[in-house]
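Student: Handing you a structure now.
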Amino acid sequence: MKNIIENIKKLDTTCISDACDRLEISGSLSSLKPILPDSKLCGRAFTVKYRPSSGNNSTVGDFLDDLKEGDLAVIDNGGRTDATVWGDIMSLYSKINGIAGAIINGACRDIPEIKKLGFPIFSAGTNAVTGKGRYEIEYIQKAIYIDNTKIEPGDIIIADDSGIICIPKNKAEEVYEIAKSINDIEEKIKKAIQTGTPLNVARDMYNYHNLQKPNTNLDSKKGD
């Protein structure tokens, strides 16, 4: 699993998204944005579901000791941003322990400190108001849904400034192989236009408009 994560991380989310389209996988988390510019993360999903606290009970962040190096905290707080479920202490702990990053369908805070740490976070927003006493863990390591995308524990998520894509763990190798082929073809198109080939000709040579469509032969080339 570590090798496939490293391979996927070498690509960008756009090629991964096109590969998912070819396999008819819906995996985009479109509403969440990076806290730090030029952020990139890739890791195994460790899923967390929050709910409003039933009293003064607060379990915000209590799951972090269960994560392993290379895991990615994927938190669903229903998109609520009235209070936070992530801050600088959680970021520091995660950075020290090799956690790949955090995806938060909710809010985080302590942004200046997180920027200093350089810890990658994608979230629905920010807020200085604490979630302690306001939210509690409903469950961990079960399926969650963010932007109508189902995320299972162990799924691979890649995120950069273009967006976030969730790859089902049983499709990771296949998605990578297709994404790598798409990336290679796009590099050939770029090289062609840099040497004077008209854009429409370069695209047609490599079947550009069909790269993301199911049943496309990625090895085909229409011309030299």
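Residues in the structure tokens are numbered from 1 in each chain, the chains being A, B, ... in the order shown, and ligands are numbered from 1 in the order shown.
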Taking the DSSP secondary structure from the backbone, can you list the residues of stretch 12-98 of chain A that are strand (DSSP E), as a PDB file with N, CA and C atoms, in the first residue's frame?

Tutor:
ATOM      1  N   LYS A  33     -11.492  23.284   0.518  1.00  0.00           N
ATOM      2  CA  LYS A  33     -10.398  24.058  -0.065  1.00  0.00           C
ATOM      3  C   LYS A  33      -9.152  23.991   0.825  1.00  0.00           C
ATOM      4  N   PRO A  34      -7.966  24.165   0.222  1.00  0.00           N
ATOM      5  CA  PRO A  34      -6.734  24.100   1.010  1.00  0.00           C
ATOM      6  C   PRO A  34      -6.571  25.292   1.938  1.00  0.00           C
ATOM      7  N   LEU A  41      -1.323  16.502  -0.582  1.00  0.00           N
ATOM      8  CA  LEU A  41      -1.306  15.394   0.363  1.00  0.00           C
ATOM      9  C   LEU A  41      -1.838  14.147  -0.313  1.00  0.00           C
ATOM     10  N   CYS A  42      -1.429  13.006   0.218  1.00  0.00           N
ATOM     11  CA  CYS A  42      -1.906  11.728  -0.276  1.00  0.00           C
ATOM     12  C   CYS A  42      -1.735  10.714   0.847  1.00  0.00           C
ATOM     13  N   GLY A  43      -2.792   9.991   1.175  1.00  0.00           N
ATOM     14  CA  GLY A  43      -2.687   9.029   2.262  1.00  0.00           C
ATOM     15  C   GLY A  43      -3.910   8.141   2.367  1.00  0.00           C
ATOM     16  N   ARG A  44      -3.828   7.204   3.305  1.00  0.00           N
ATOM     17  CA  ARG A  44      -4.936   6.288   3.586  1.00  0.00           C
ATOM     18  C   ARG A  44      -5.962   6.980   4.468  1.00  0.00           C
ATOM     19  N   ALA A  45      -7.213   6.873   4.104  1.00  0.00           N
ATOM     20  CA  ALA A  45      -8.279   7.540   4.862  1.00  0.00           C
ATOM     21  C   ALA A  45      -8.523   6.850   6.202  1.00  0.00           C
ATOM     22  N   PHE A  46      -8.448   7.641   7.263  1.00  0.00           N
ATOM     23  CA  PHE A  46      -8.922   7.251   8.592  1.00  0.00           C
ATOM     24  C   PHE A  46     -10.145   8.105   8.842  1.00  0.00           C
ATOM     25  N   THR A  47     -11.319   7.487   8.832  1.00  0.00           N
ATOM     26  CA  THR A  47     -12.564   8.250   8.813  1.00  0.00           C
ATOM     27  C   THR A  47     -13.111   8.535  10.213  1.00  0.00           C
ATOM     28  N   VAL A  48     -13.649   9.738  10.356  1.00  0.00           N
ATOM     29  CA  VAL A  48     -14.216  10.201  11.631  1.00  0.00           C
ATOM     30  C   VAL A  48     -15.525  10.920  11.345  1.00  0.00           C
ATOM     31  N   LYS A  49     -16.555  10.564  12.082  1.00  0.00           N
ATOM     32  CA  LYS A  49     -17.856  11.232  11.964  1.00  0.00           C
ATOM     33  C   LYS A  49     -18.174  11.944  13.277  1.00  0.00           C
ATOM     34  N   TYR A  50     -18.479  13.247  13.194  1.00  0.00           N
ATOM     35  CA  TYR A  50     -18.869  14.025  14.368  1.00  0.00           C
ATOM     36  C   TYR A  50     -20.375  14.276  14.380  1.00  0.00           C
ATOM     37  N   ARG A  51     -20.866  14.652  15.562  1.00  0.00           N
ATOM     38  CA  ARG A  51     -22.246  15.095  15.721  1.00  0.00           C
ATOM     39  C   ARG A  51     -22.257  16.164  16.805  1.00  0.00           C
ATOM     40  N   PRO A  52     -23.306  16.973  16.892  1.00  0.00           N
ATOM     41  CA  PRO A  52     -23.402  17.934  17.990  1.00  0.00           C
ATOM     42  C   PRO A  52     -23.357  17.227  19.334  1.00  0.00           C
ATOM     43  N   ASP A  71      -1.340   7.650   7.503  1.00  0.00           N
ATOM     44  CA  ASP A  71      -2.792   7.811   7.517  1.00  0.00           C
ATOM     45  C   ASP A  71      -3.164   9.268   7.280  1.00  0.00           C
ATOM     46  N   LEU A  72      -4.386   9.463   6.845  1.00  0.00           N
ATOM     47  CA  LEU A  72      -4.934  10.793   6.582  1.00  0.00           C
ATOM     48  C   LEU A  72      -6.237  10.925   7.355  1.00  0.00           C
ATOM     49  N   ALA A  73      -6.329  11.918   8.221  1.00  0.00           N
ATOM     50  CA  ALA A  73      -7.560  12.138   8.977  1.00  0.00           C
ATOM     51  C   ALA A  73      -8.623  12.720   8.048  1.00  0.00           C
ATOM     52  N   VAL A  74      -9.735  12.004   7.897  1.00  0.00           N
ATOM     53  CA  VAL A  74     -10.836  12.462   7.046  1.00  0.00           C
ATOM     54  C   VAL A  74     -12.065  12.610   7.936  1.00  0.00           C
ATOM     55  N   ILE A  75     -12.449  13.844   8.177  1.00  0.00           N
ATOM     56  CA  ILE A  75     -13.447  14.166   9.199  1.00  0.00           C
ATOM     57  C   ILE A  75     -14.706  14.721   8.557  1.00  0.00           C
ATOM     58  N   ASP A  76     -15.835  14.146   8.920  1.00  0.00           N
ATOM     59  CA  ASP A  76     -17.122  14.670   8.463  1.00  0.00           C
ATOM     60  C   ASP A  76     -17.871  15.281   9.642  1.00  0.00           C
TER      61      ASP A  76
END

Student: Would you please extract all helix (DSSP H, G or I) residues from stretch 4-206 of chain A, as assigned by DSSP on the backbone, and give them as a VMD selection string?

Tutor: chain A and resid 4 to 9 13 to 22 64 to 66 88 to 96 111 to 117 169 to 194 199 to 205

Student: Counting only C-alpha atoms, what is within 9 Å of A:Gly163, bar same-chain residues fewer than 4 positions away, as a PDB file with N, CA, C and O atoms, in the first residue's frame?

Tutor:
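Full text of selection-v1.pdb as output:
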ATOM      1  N   THR A  13      -3.971  15.725  -9.256  1.00  0.00           N
ATOM      2  CA  THR A  13      -5.357  15.289  -9.085  1.00  0.00           C
ATOM      3  C   THR A  13      -6.118  15.256 -10.396  1.00  0.00           C
ATOM      4  O   THR A  13      -7.091  14.501 -10.532  1.00  0.00           O
ATOM      5  N   THR A  14      -5.709  16.049 -11.374  1.00  0.00           N
ATOM      6  CA  THR A  14      -6.451  16.096 -12.628  1.00  0.00           C
ATOM      7  C   THR A  14      -6.331  14.774 -13.389  1.00  0.00           C
ATOM      8  O   THR A  14      -7.326  14.258 -13.922  1.00  0.00           O
ATOM      9  N   SER A  28     -14.944  12.984  -6.282  1.00  0.00           N
ATOM     10  CA  SER A  28     -14.537  14.364  -6.025  1.00  0.00           C
ATOM     11  C   SER A  28     -15.143  14.915  -4.734  1.00  0.00           C
ATOM     12  O   SER A  28     -16.331  14.720  -4.463  1.00  0.00           O
ATOM     13  N   LEU A  29     -14.311  15.602  -3.948  1.00  0.00           N
ATOM     14  CA  LEU A  29     -14.768  16.338  -2.767  1.00  0.00           C
ATOM     15  C   LEU A  29     -14.628  17.819  -3.118  1.00  0.00           C
ATOM     16  O   LEU A  29     -13.620  18.454  -2.819  1.00  0.00           O
ATOM     17  N   SER A  30     -15.646  18.356  -3.773  1.00  0.00           N
ATOM     18  CA  SER A  30     -15.504  19.647  -4.444  1.00  0.00           C
ATOM     19  C   SER A  30     -15.658  20.859  -3.540  1.00  0.00           C
ATOM     20  O   SER A  30     -15.236  21.960  -3.915  1.00  0.00           O
ATOM     21  N   SER A  31     -16.244  20.704  -2.352  1.00  0.00           N
ATOM     22  CA  SER A  31     -16.547  21.880  -1.534  1.00  0.00           C
ATOM     23  C   SER A  31     -15.414  22.280  -0.588  1.00  0.00           C
ATOM     24  O   SER A  31     -15.463  23.353   0.010  1.00  0.00           O
ATOM     25  N   LEU A  32     -14.395  21.430  -0.446  1.00  0.00           N
ATOM     26  CA  LEU A  32     -13.330  21.696   0.517  1.00  0.00           C
ATOM     27  C   LEU A  32     -12.135  22.345  -0.172  1.00  0.00           C
ATOM     28  O   LEU A  32     -11.780  21.986  -1.295  1.00  0.00           O
ATOM     29  N   LYS A  33     -11.492  23.284   0.518  1.00  0.00           N
ATOM     30  CA  LYS A  33     -10.398  24.058  -0.065  1.00  0.00           C
ATOM     31  C   LYS A  33      -9.152  23.991   0.825  1.00  0.00           C
ATOM     32  O   LYS A  33      -9.242  23.811   2.040  1.00  0.00           O
ATOM     33  N   PRO A  34      -7.966  24.165   0.222  1.00  0.00           N
ATOM     34  CA  PRO A  34      -6.734  24.100   1.010  1.00  0.00           C
ATOM     35  C   PRO A  34      -6.571  25.292   1.938  1.00  0.00           C
ATOM     36  O   PRO A  34      -6.871  26.427   1.563  1.00  0.00           O
ATOM     37  N   ILE A 158      -6.067  11.824  -2.593  1.00  0.00           N
ATOM     38  CA  ILE A 158      -5.032  12.746  -3.049  1.00  0.00           C
ATOM     39  C   ILE A 158      -5.662  14.122  -3.188  1.00  0.00           C
ATOM     40  O   ILE A 158      -6.807  14.251  -3.637  1.00  0.00           O
ATOM     41  N   ALA A 159      -4.933  15.146  -2.768  1.00  0.00           N
ATOM     42  CA  ALA A 159      -5.456  16.511  -2.824  1.00  0.00           C
ATOM     43  C   ALA A 159      -4.338  17.474  -3.183  1.00  0.00           C
ATOM     44  O   ALA A 159      -3.199  17.317  -2.726  1.00  0.00           O
TER      45      ALA A 159
END

Student: Taking only C-alpha atoms into account, name the residue in A:Ile35, A:His209, A:Asp184, A:Glu177 that is nearest to A:Ser123.

Tutor: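 Ranking A:Ile35, A:His209, A:Asp184, A:Glu177 by distance to A:Ser123, first place goes to A:Ile35.
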
Student: Fewer than 5 positions away in the same chain doesn't count, so skip those; otherwise give me all residues within 8 Å of A:Ala143, counting only C-alpha atoms, as an mmCIF file with N, CA and C atoms, in the first residue's frame.

Tutor:
data_model
loop_
_atom_site.group_PDB
_atom_site.id
_atom_site.type_symbol
_atom_site.label_atom_id
_atom_site.label_comp_id
_atom_site.auth_asym_id
_atom_site.auth_seq_id
_atom_site.Cartn_x
_atom_site.Cartn_y
_atom_site.Cartn_z
ATOM 1 N N THR A 47 -11.319 7.487 8.832
ATOM 2 C CA THR A 47 -12.564 8.250 8.813
ATOM 3 C C THR A 47 -13.111 8.535 10.213
ATOM 4 N N LYS A 150 -18.670 8.598 -1.258
ATOM 5 C CA LYS A 150 -18.494 7.654 -0.156
ATOM 6 C C LYS A 150 -17.005 7.434 0.092
ATOM 7 N N ILE A 151 -16.612 7.546 1.351
ATOM 8 C CA ILE A 151 -15.211 7.354 1.740
ATOM 9 C C ILE A 151 -15.154 6.236 2.769
ATOM 10 N N GLU A 152 -14.450 5.179 2.419
ATOM 11 C CA GLU A 152 -14.291 4.035 3.311
ATOM 12 C C GLU A 152 -12.917 4.102 3.983
ATOM 13 N N PRO A 153 -12.797 3.556 5.197
ATOM 14 C CA PRO A 153 -11.471 3.468 5.815
ATOM 15 C C PRO A 153 -10.494 2.756 4.878
#

Student: Have a look at A:Met1, A:Ala102, A:Cys20, A:Ile167 and name the one nearest to A:Ile182; count only C-alpha atoms.

Tutor: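 For A:Ile182, the nearest of the candidates is A:Cys20.
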
Student: For atom CA of A:Ile114 and atom CA of A:Asp88, determine how far apart the two atoms are, in Å to one decimal place.

Tutor: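 Computing the Euclidean distance for atom CA of A:Ile114 and atom CA of A:Asp88 yields 5.7 Å.
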
Student: Atom CA of A:Tyr145 and atom CA of A:Gly125, how far apart in Å?

Tutor: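 Taking atom CA of A:Gly125 and atom CA of A:Tyr145, their separation equals 17.6 Å.
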
Student: Considering only C-alpha atoms, can you say which of A:Ile16, A:Ala202, A:Leu67, A:Ile185 comes closest to A:Ile164?

Tutor: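 For A:Ile164, the nearest of the given residues is A:Ile16.
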
Student: So that I can see what lies close to A:Gly131, please list as a ChimeraX atom specification the residues with an atom at most 6 Å from it, counting only C-alpha atoms and leaving out residues fewer than 6 positions away in the same chain.

Tutor: /A:83-85

Student: Show me, as an mmCIF file with N, CA, C and O atoms, in the first residue's frame, the residues that have an atom within 10 Å of A:Glu174 when counting only C-alpha atoms, minus same-chain residues fewer than 3 positions from it.

Tutor:
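part_36.cif written:
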data_model
loop_
_atom_site.group_PDB
_atom_site.id
_atom_site.type_symbol
_atom_site.label_atom_id
_atom_site.label_comp_id
_atom_site.auth_asym_id
_atom_site.auth_seq_id
_atom_site.Cartn_x
_atom_site.Cartn_y
_atom_site.Cartn_z
ATOM 1 N N ALA A 19 -8.716 9.467 -14.718
ATOM 2 C CA ALA A 19 -8.678 8.007 -14.608
ATOM 3 C C ALA A 19 -9.935 7.485 -13.914
ATOM 4 O O ALA A 19 -10.503 6.461 -14.318
ATOM 5 N N CYS A 20 -10.374 8.189 -12.885
ATOM 6 C CA CYS A 20 -11.612 7.795 -12.204
ATOM 7 C C CYS A 20 -12.803 7.908 -13.143
ATOM 8 O O CYS A 20 -13.700 7.050 -13.131
ATOM 9 N N LEU A 23 -13.051 4.896 -15.283
ATOM 10 C CA LEU A 23 -13.552 3.739 -14.542
ATOM 11 C C LEU A 23 -14.932 4.000 -13.954
ATOM 12 O O LEU A 23 -15.451 3.178 -13.200
ATOM 13 N N ASN A 170 -9.719 -0.691 -3.428
ATOM 14 C CA ASN A 170 -9.624 -1.855 -4.322
ATOM 15 C C ASN A 170 -9.439 -1.463 -5.787
ATOM 16 O O ASN A 170 -9.297 -2.326 -6.656
ATOM 17 N N LYS A 171 -9.427 -0.163 -6.067
ATOM 18 C CA LYS A 171 -9.222 0.331 -7.428
ATOM 19 C C LYS A 171 -7.924 1.126 -7.570
ATOM 20 O O LYS A 171 -7.646 1.671 -8.647
ATOM 21 N N GLU A 177 -2.469 3.192 -12.865
ATOM 22 C CA GLU A 177 -1.956 2.821 -14.181
ATOM 23 C C GLU A 177 -2.604 3.672 -15.273
ATOM 24 O O GLU A 177 -1.924 4.138 -16.200
ATOM 25 N N ILE A 178 -3.908 3.888 -15.176
ATOM 26 C CA ILE A 178 -4.597 4.712 -16.168
ATOM 27 C C ILE A 178 -4.155 6.168 -16.054
ATOM 28 O O ILE A 178 -3.886 6.834 -17.064
ATOM 29 N N ALA A 179 -4.065 6.687 -14.836
ATOM 30 C CA ALA A 179 -3.646 8.080 -14.626
ATOM 31 C C ALA A 179 -2.233 8.316 -15.143
ATOM 32 O O ALA A 179 -1.936 9.367 -15.734
ATOM 33 N N LYS A 180 -1.355 7.346 -14.924
ATOM 34 C CA LYS A 180 0.029 7.467 -15.422
ATOM 35 C C LYS A 180 0.026 7.531 -16.952
ATOM 36 O O LYS A 180 0.759 8.345 -17.545
#

Student: Which residue out of A:Pro112, A:Ser53, A:Asp204, A:Thr126 has the minimum interatomic distance to A:Trp86 when only C-alpha atoms are used?

Tutor: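 That would be A:Thr126, the residue with the smallest distance to A:Trp86.
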
Student: Calculated over only C-alpha atoms, which of the candidates A:Ile103, A:Ile137, A:Ala124, A:Leu36 has the smallest distance to A:Cys166?

Tutor: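 When distances to A:Cys166 are compared using only C-alpha atoms, the smallest one comes from A:Ile103.
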
Student: Between atom CA of A:Phe63 and atom CA of A:Lys9, measure the distance and give it in Å to one decimal.

Tutor: 25.1 Å
